[in-house]
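Working notes, structure below.
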Amino acid sequence: MLMSQQFASTRKDVSEEEVSVNAQLLTKAGYVEKVMAGVYAFLPLGLRVLRNIEEVVREEMDAAGGQELLMPALHPKEYWEATGRWGGLDVLFKVPSQHGGREYALGPSHEEIVVPLAQKFIHSYRDLPQYVYQIQSKFRDEPRAKSGILRGREFMMKDLYSFHVDEDDMHAYYDVMKIAYSNVFTRCGLNAIETEASGGTFSEFSHEYQVVTESGEDIIFTCECGYAVNREIAKVQSGDECPLCKKGVINEHKAIEVGNIFSLHRKYSDPFKLRYTDESGVQQPVYMGCYGIGISRLMGAVVEVHHDDKGIVWPEGLAPYQVHVVQLGDDEDVVKSTQTLIKKLDKVGVSYMYDDRKLSAGAMFADADLIGAPHRVVVSDRSLKNGGVEHTVRSSGDSKVIDIAQLVKEL
RNA sequence: CGGGCUGUGGCGCAGUUGGUAGCGCGCGUCGUUUGGGACGAUGAGGCCGUGAGUUCAAGUCUCACCAGCCCGACCA
C-alpha cells in the first residue's frame, strides 16, 4: 500500500475527549474513527488488524472442532420472549418496523437464534456433539459506552455454541475451549489470566480471560499459584491468604475481559425444547455451552498493552503490515533501490506499507512509529552509502544497515 | 439511570460591560528544504450543537432539547 494514497491519514492531534490510550492511538494512526459514542468505524488499517485477529481465532476454533456459520443480527421478538430476555435484558436494542408495528431485536448474543436453528438439525444422539461459531457485529445498548473500542454499543465478537448429550460432555468441551482460548490470547501477544467469574443469570459458573492493565474495567484477585477470581464473586480481598494454596498472598489488579466461557446447561435448550433421542429411544435434553471473544475489544486490549510513547507496537501476527518502508529523498539510486526492495517483498509475500510521501524524515519516522509495524526499513542516500537499507525493529529499536537481499531473506 | 463538566472552521483553543468571529495546528498553491513531526509567501475554510425567548442588536443573557466526556450504578 502506498502511504500517499491511504484513505485514512495519520494525525498529529485527536480530540481530547478520547482519553483512553487505545482510542487515542488507533485514531491518531488512522485505524478507527468514532461515529458516535460507543460506535467506531474500522478504517482500512484497522480492518486489516481485525482480520488478523479473526484469522487467529478461526484457526483455533476450527482446531477445536468448530464449524463457522453466520447468523443474522436482526432477530424476531418472539424468540427473545421465549427465553424471557425481551423484557429481561436491559442492553437489548429493540427496533420497531415502520410497517405494521412489528418489533425486532438487534442481537447482543445469539442463543435465541442458534437454539431454534439447532432444533432443525439435532434430533438424535448421532447428531451430537456439535460446535458452531460465528464472527459478527453484536449490539448492546450499554448505559455508558467508554474506553474507546473496549466497551462499545456495536462491536465485533466471536461466539461459539456447543451442544452435548449430557453434562459430562459439556464439561469436557469446556476444557477443550480453555486450551483454545489460551492459544488465541497467546498468539495475540496477551497474557490472559483465566479467572473464575459469575455466570450471571446465564450459567452456574464461567471463566473469564482477563488481561491485566491499568485501563481495565474489571477488578480481579490473583495469587502466584494460579488462583484468579473476579471481584464480582470474590470471597477474598487484597492481602488475604490465598484460599487455594494457603501460602500466597492475594493481589488486586485492574483487567480487561477479552473472553469468557460459560456452561449453559439447559438454560436455553429447555425454553425451545431442544431435545434428542438417545440410544434407547428416549427423549433427552441437550446441554449447551457458549464461548465468546470480543474481537474488537481484543484489538483495543492489545494496544493498551503493546504501545510506547511514540505509538503502537503490534505483535508480529496482528500488524496491518509487517514492514514499513520509508523512502528518504528521490535520488535515482534511492528510488531504484526502494523499487527493488518492494518487488522482492511482493515476491516473497511479505506485506508492507510504502511511505512514498515527500515529507521530512522526522514526519515519516513519527508516522511509522505511530502505526507500529514490526519492521521499519529506511532507504536513503546514507543507508546506500553504508551498504544497503536500514532495518529497525519496532519493539526493541534495534537497528542495522543490511543488504536488501539479505533483509528479505530474514523477513 | 444519578452526579459533575463541555459543545465556536478538520483538531486544540480565545472571544471583555450583548454591537455581526479570531489565533495556533492541519489543509490548498508557489518556492526553498529533507535522518526524528522543516521554512517563507499566499489562499480557502465558520447556519458559534438545535429550537424557542429577552433585546434595536445574541457566540455572549433565559428556558427547553440534543450530543459528547468523566465519576458512579449497571454489565455475557
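Identifiers for the C-alpha cells are assigned positionally: chains receive A, B, ... in sequence, residues are indexed from 1 per chain, and ligands are indexed from 1 in the order shown.
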Please check the contacts: residues of chain B at most 12 Å away from chain A, using only C-alpha atoms (C1' of nucleotides), listed as a ChimeraX atom specification. /B:1,5-7,10-13,25-26,33-39,67-76
Written file, previous selection with C-alpha atoms (C1' of nucleotides), as a PDB file, in the first residue's frame:
ATOM      1  C1'   C B   1     -30.144   5.913  35.219  1.00  0.00           C
ATOM      2  C1'   C B   5     -18.409  19.066  33.122  1.00  0.00           C
ATOM      3  C1'   U B   6     -18.342  20.517  27.866  1.00  0.00           C
ATOM      4  C1'   G B   7     -20.417  21.966  22.780  1.00  0.00           C
ATOM      5  C1'   G B  10     -10.931  19.024  10.469  1.00  0.00           C
ATOM      6  C1'   C B  11      -8.152  19.356  15.703  1.00  0.00           C
ATOM      7  C1'   G B  12      -6.756  22.463  20.049  1.00  0.00           C
ATOM      8  C1'   C B  13      -8.480  26.966  21.925  1.00  0.00           C
ATOM      9  C1'   C B  25      -2.062  23.329  14.167  1.00  0.00           C
ATOM     10  C1'   G B  26      -3.872  20.981   9.874  1.00  0.00           C
ATOM     11  C1'   U B  33      14.261  22.313   2.340  1.00  0.00           C
ATOM     12  C1'   U B  34      14.939  16.533   3.557  1.00  0.00           C
ATOM     13  C1'   G B  35      17.919  11.152   9.091  1.00  0.00           C
ATOM     14  C1'   G B  36      13.334  12.357  14.228  1.00  0.00           C
ATOM     15  C1'   G B  37       6.867  15.807  13.341  1.00  0.00           C
ATOM     16  C1'   A B  38      11.277  21.968   8.238  1.00  0.00           C
ATOM     17  C1'   C B  39      10.749  27.351   6.479  1.00  0.00           C
ATOM     18  C1'   A B  67     -24.912  15.474  21.566  1.00  0.00           C
ATOM     19  C1'   G B  68     -20.219  14.311  23.914  1.00  0.00           C
ATOM     20  C1'   C B  69     -16.760  13.352  28.082  1.00  0.00           C
ATOM     21  C1'   C B  70     -15.654  11.928  33.269  1.00  0.00           C
ATOM     22  C1'   C B  71     -17.226   9.529  38.181  1.00  0.00           C
ATOM     23  C1'   G B  72     -20.818   6.148  39.968  1.00  0.00           C
ATOM     24  C1'   A B  73     -24.743   2.408  39.253  1.00  0.00           C
ATOM     25  C1'   C B  74     -25.257  -1.355  35.573  1.00  0.00           C
ATOM     26  C1'   C B  75     -22.728  -5.165  32.546  1.00  0.00           C
ATOM     27  C1'   A B  76     -22.391 -12.459  28.540  1.00  0.00           C
TER      28        A B  76
END
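Proximity of A:Leu318, A:Leu341, A:Leu70, A:Ala301 to A:Gly46, computed with only C-alpha atoms, is greatest for A:Leu318.
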Residues within 12 Å of A:Gln210, please, as a CSV table (one decimal) with C-alpha atoms, in the first residue's frame. Count only C-alpha atoms (C1' of nucleotides); anything in the same chain fewer than 4 positions from it doesn't count.
chain,number,residue,atom,x,y,z
A,181,TYR,CA,-8.7,-19.7,24.3
A,182,SER,CA,-5.3,-19.8,25.9
A,185,PHE,CA,-4.6,-14.9,23.5
A,190,LEU,CA,-1.5,-11.2,25.5
A,191,ASN,CA,-1.1,-12.8,28.9
A,192,ALA,CA,-4.8,-13.5,29.6
A,193,ILE,CA,-5.5,-14.9,33.1
A,194,GLU,CA,-8.2,-17.5,33.3
A,195,THR,CA,-10.4,-16.1,36.1
A,196,GLU,CA,-13.4,-17.6,37.9
A,197,ALA,CA,-16.4,-15.4,37.3
A,215,SER,CA,-7.2,0.7,31.8
A,216,GLY,CA,-9.2,-2.4,32.7
A,217,GLU,CA,-12.7,-2.0,34.0
A,218,ASP,CA,-12.8,-5.2,35.9
A,219,ILE,CA,-11.1,-6.0,39.2
A,220,ILE,CA,-9.6,-9.4,39.7
A,221,PHE,CA,-7.8,-11.0,42.6
A,222,THR,CA,-4.9,-13.3,41.9
A,228,ALA,CA,-7.7,-15.9,40.0
A,229,VAL,CA,-11.1,-14.7,40.7
A,230,ASN,CA,-13.3,-11.7,39.6
A,253,HIS,CA,-5.4,-5.9,39.6
A,254,LYS,CA,-7.4,-3.9,37.1
A,255,ALA,CA,-8.0,-6.0,34.0
A,256,ILE,CA,-9.8,-6.2,30.6
A,257,GLU,CA,-12.1,-9.1,30.0
A,258,VAL,CA,-11.2,-10.3,26.5
A,259,GLY,CA,-13.1,-13.6,26.5
A,260,ASN,CA,-15.4,-15.7,28.5
A,261,ILE,CA,-16.7,-19.2,28.6
A,293,ILE,CA,-14.2,-13.5,22.4
A,294,GLY,CA,-14.6,-9.8,21.9
A,297,ARG,CA,-12.1,-5.4,22.3
A,298,LEU,CA,-9.2,-7.7,22.0
A,301,ALA,CA,-6.6,-4.6,24.7
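Between atom CA of A:Ala105 and atom CA of A:Ser296 the separation is 21.6 Å.
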Near-B:G59 list (12 Å; only C-alpha atoms (C1' of nucleotides); drop same-chain fewer than 2 positions) as a VMD selection string: chain B and resid 7 to 8 14 to 15 18 20 to 21 46 48 to 49 61
Output N, CA and C atoms (P, O5', C5', C4', C3', O3' and C1' of nucleotides) for every residue in the selection just made, as a PDB file, in the first residue's frame.
ATOM      1  P     G B   7     -17.397  24.828  26.206  1.00  0.00           P
ATOM      2  O5'   G B   7     -17.456  23.941  24.913  1.00  0.00           O
ATOM      3  C5'   G B   7     -18.383  24.211  23.930  1.00  0.00           C
ATOM      4  C4'   G B   7     -18.365  23.097  22.915  1.00  0.00           C
ATOM      5  C3'   G B   7     -19.046  23.525  21.630  1.00  0.00           C
ATOM      6  O3'   G B   7     -18.627  22.712  20.561  1.00  0.00           O
ATOM      7  C1'   G B   7     -20.417  21.966  22.780  1.00  0.00           C
ATOM      8  P     U B   8     -17.371  23.157  19.731  1.00  0.00           P
ATOM      9  O5'   U B   8     -17.674  24.684  19.409  1.00  0.00           O
ATOM     10  C5'   U B   8     -18.709  25.043  18.501  1.00  0.00           C
ATOM     11  C4'   U B   8     -18.375  26.343  17.834  1.00  0.00           C
ATOM     12  C3'   U B   8     -17.052  26.371  17.079  1.00  0.00           C
ATOM     13  O3'   U B   8     -17.182  25.798  15.788  1.00  0.00           O
ATOM     14  C1'   U B   8     -17.197  28.284  18.432  1.00  0.00           C
ATOM     15  P     A B  14     -10.542  28.371  26.038  1.00  0.00           P
ATOM     16  O5'   A B  14     -10.434  29.776  25.288  1.00  0.00           O
ATOM     17  C5'   A B  14      -9.286  30.588  25.528  1.00  0.00           C
ATOM     18  C4'   A B  14      -9.294  31.835  24.700  1.00  0.00           C
ATOM     19  C3'   A B  14     -10.488  32.772  24.812  1.00  0.00           C
ATOM     20  O3'   A B  14     -10.531  33.466  26.033  1.00  0.00           O
ATOM     21  C1'   A B  14      -9.701  32.712  22.597  1.00  0.00           C
ATOM     22  P     G B  15     -11.929  33.778  26.727  1.00  0.00           P
ATOM     23  O5'   G B  15     -12.635  34.675  25.618  1.00  0.00           O
ATOM     24  C5'   G B  15     -12.215  36.006  25.401  1.00  0.00           C
ATOM     25  C4'   G B  15     -12.932  36.578  24.217  1.00  0.00           C
ATOM     26  C3'   G B  15     -14.458  36.667  24.331  1.00  0.00           C
ATOM     27  O3'   G B  15     -14.865  37.788  25.084  1.00  0.00           O
ATOM     28  C1'   G B  15     -13.875  35.769  22.222  1.00  0.00           C
ATOM     29  P     G B  18     -23.239  42.522  28.709  1.00  0.00           P
ATOM     30  O5'   G B  18     -22.366  41.642  27.677  1.00  0.00           O
ATOM     31  C5'   G B  18     -21.809  42.253  26.561  1.00  0.00           C
ATOM     32  C4'   G B  18     -22.388  41.634  25.292  1.00  0.00           C
ATOM     33  C3'   G B  18     -22.246  42.581  24.129  1.00  0.00           C
ATOM     34  O3'   G B  18     -21.890  41.847  22.981  1.00  0.00           O
ATOM     35  C1'   G B  18     -24.508  41.937  24.377  1.00  0.00           C
ATOM     36  P     U B  20     -19.774  43.642  15.852  1.00  0.00           P
ATOM     37  O5'   U B  20     -20.357  42.422  15.022  1.00  0.00           O
ATOM     38  C5'   U B  20     -20.151  41.075  15.464  1.00  0.00           C
ATOM     39  C4'   U B  20     -20.595  40.101  14.412  1.00  0.00           C
ATOM     40  C3'   U B  20     -20.086  40.421  13.000  1.00  0.00           C
ATOM     41  O3'   U B  20     -19.953  39.209  12.271  1.00  0.00           O
ATOM     42  C1'   U B  20     -22.451  40.585  13.068  1.00  0.00           C
ATOM     43  P     A B  21     -18.589  38.778  11.597  1.00  0.00           P
ATOM     44  O5'   A B  21     -17.764  38.261  12.842  1.00  0.00           O
ATOM     45  C5'   A B  21     -16.741  39.067  13.428  1.00  0.00           C
ATOM     46  C4'   A B  21     -15.890  38.193  14.298  1.00  0.00           C
ATOM     47  C3'   A B  21     -14.772  37.459  13.542  1.00  0.00           C
ATOM     48  O3'   A B  21     -13.614  38.265  13.524  1.00  0.00           O
ATOM     49  C1'   A B  21     -15.940  35.954  14.979  1.00  0.00           C
ATOM     50  P     G B  46     -17.357  27.798   5.087  1.00  0.00           P
ATOM     51  O5'   G B  46     -17.300  28.014   6.642  1.00  0.00           O
ATOM     52  C5'   G B  46     -17.262  26.892   7.545  1.00  0.00           C
ATOM     53  C4'   G B  46     -17.736  27.348   8.894  1.00  0.00           C
ATOM     54  C3'   G B  46     -19.052  28.113   8.865  1.00  0.00           C
ATOM     55  O3'   G B  46     -20.114  27.206   9.040  1.00  0.00           O
ATOM     56  C1'   G B  46     -17.457  29.100  10.359  1.00  0.00           C
ATOM     57  P     C B  48     -24.001  29.810  13.538  1.00  0.00           P
ATOM     58  O5'   C B  48     -22.787  29.363  14.458  1.00  0.00           O
ATOM     59  C5'   C B  48     -22.581  27.985  14.818  1.00  0.00           C
ATOM     60  C4'   C B  48     -21.883  27.954  16.166  1.00  0.00           C
ATOM     61  C3'   C B  48     -22.823  28.362  17.303  1.00  0.00           C
ATOM     62  O3'   C B  48     -23.180  27.339  18.211  1.00  0.00           O
ATOM     63  C1'   C B  48     -20.873  29.785  17.218  1.00  0.00           C
ATOM     64  P     G B  49     -22.469  26.560  19.274  1.00  0.00           P
ATOM     65  O5'   G B  49     -22.931  25.068  18.970  1.00  0.00           O
ATOM     66  C5'   G B  49     -22.632  24.436  17.733  1.00  0.00           C
ATOM     67  C4'   G B  49     -23.596  23.306  17.495  1.00  0.00           C
ATOM     68  C3'   G B  49     -25.059  23.724  17.364  1.00  0.00           C
ATOM     69  O3'   G B  49     -25.372  24.057  16.030  1.00  0.00           O
ATOM     70  C1'   G B  49     -24.864  21.949  18.923  1.00  0.00           C
ATOM     71  P     C B  61     -23.700  34.052  28.597  1.00  0.00           P
ATOM     72  O5'   C B  61     -25.098  34.767  28.909  1.00  0.00           O
ATOM     73  C5'   C B  61     -25.206  35.750  29.913  1.00  0.00           C
ATOM     74  C4'   C B  61     -26.651  36.148  30.098  1.00  0.00           C
ATOM     75  C3'   C B  61     -27.642  34.984  30.154  1.00  0.00           C
ATOM     76  O3'   C B  61     -27.716  34.414  31.438  1.00  0.00           O
ATOM     77  C1'   C B  61     -28.462  36.645  28.688  1.00  0.00           C
TER      78        C B  61
END
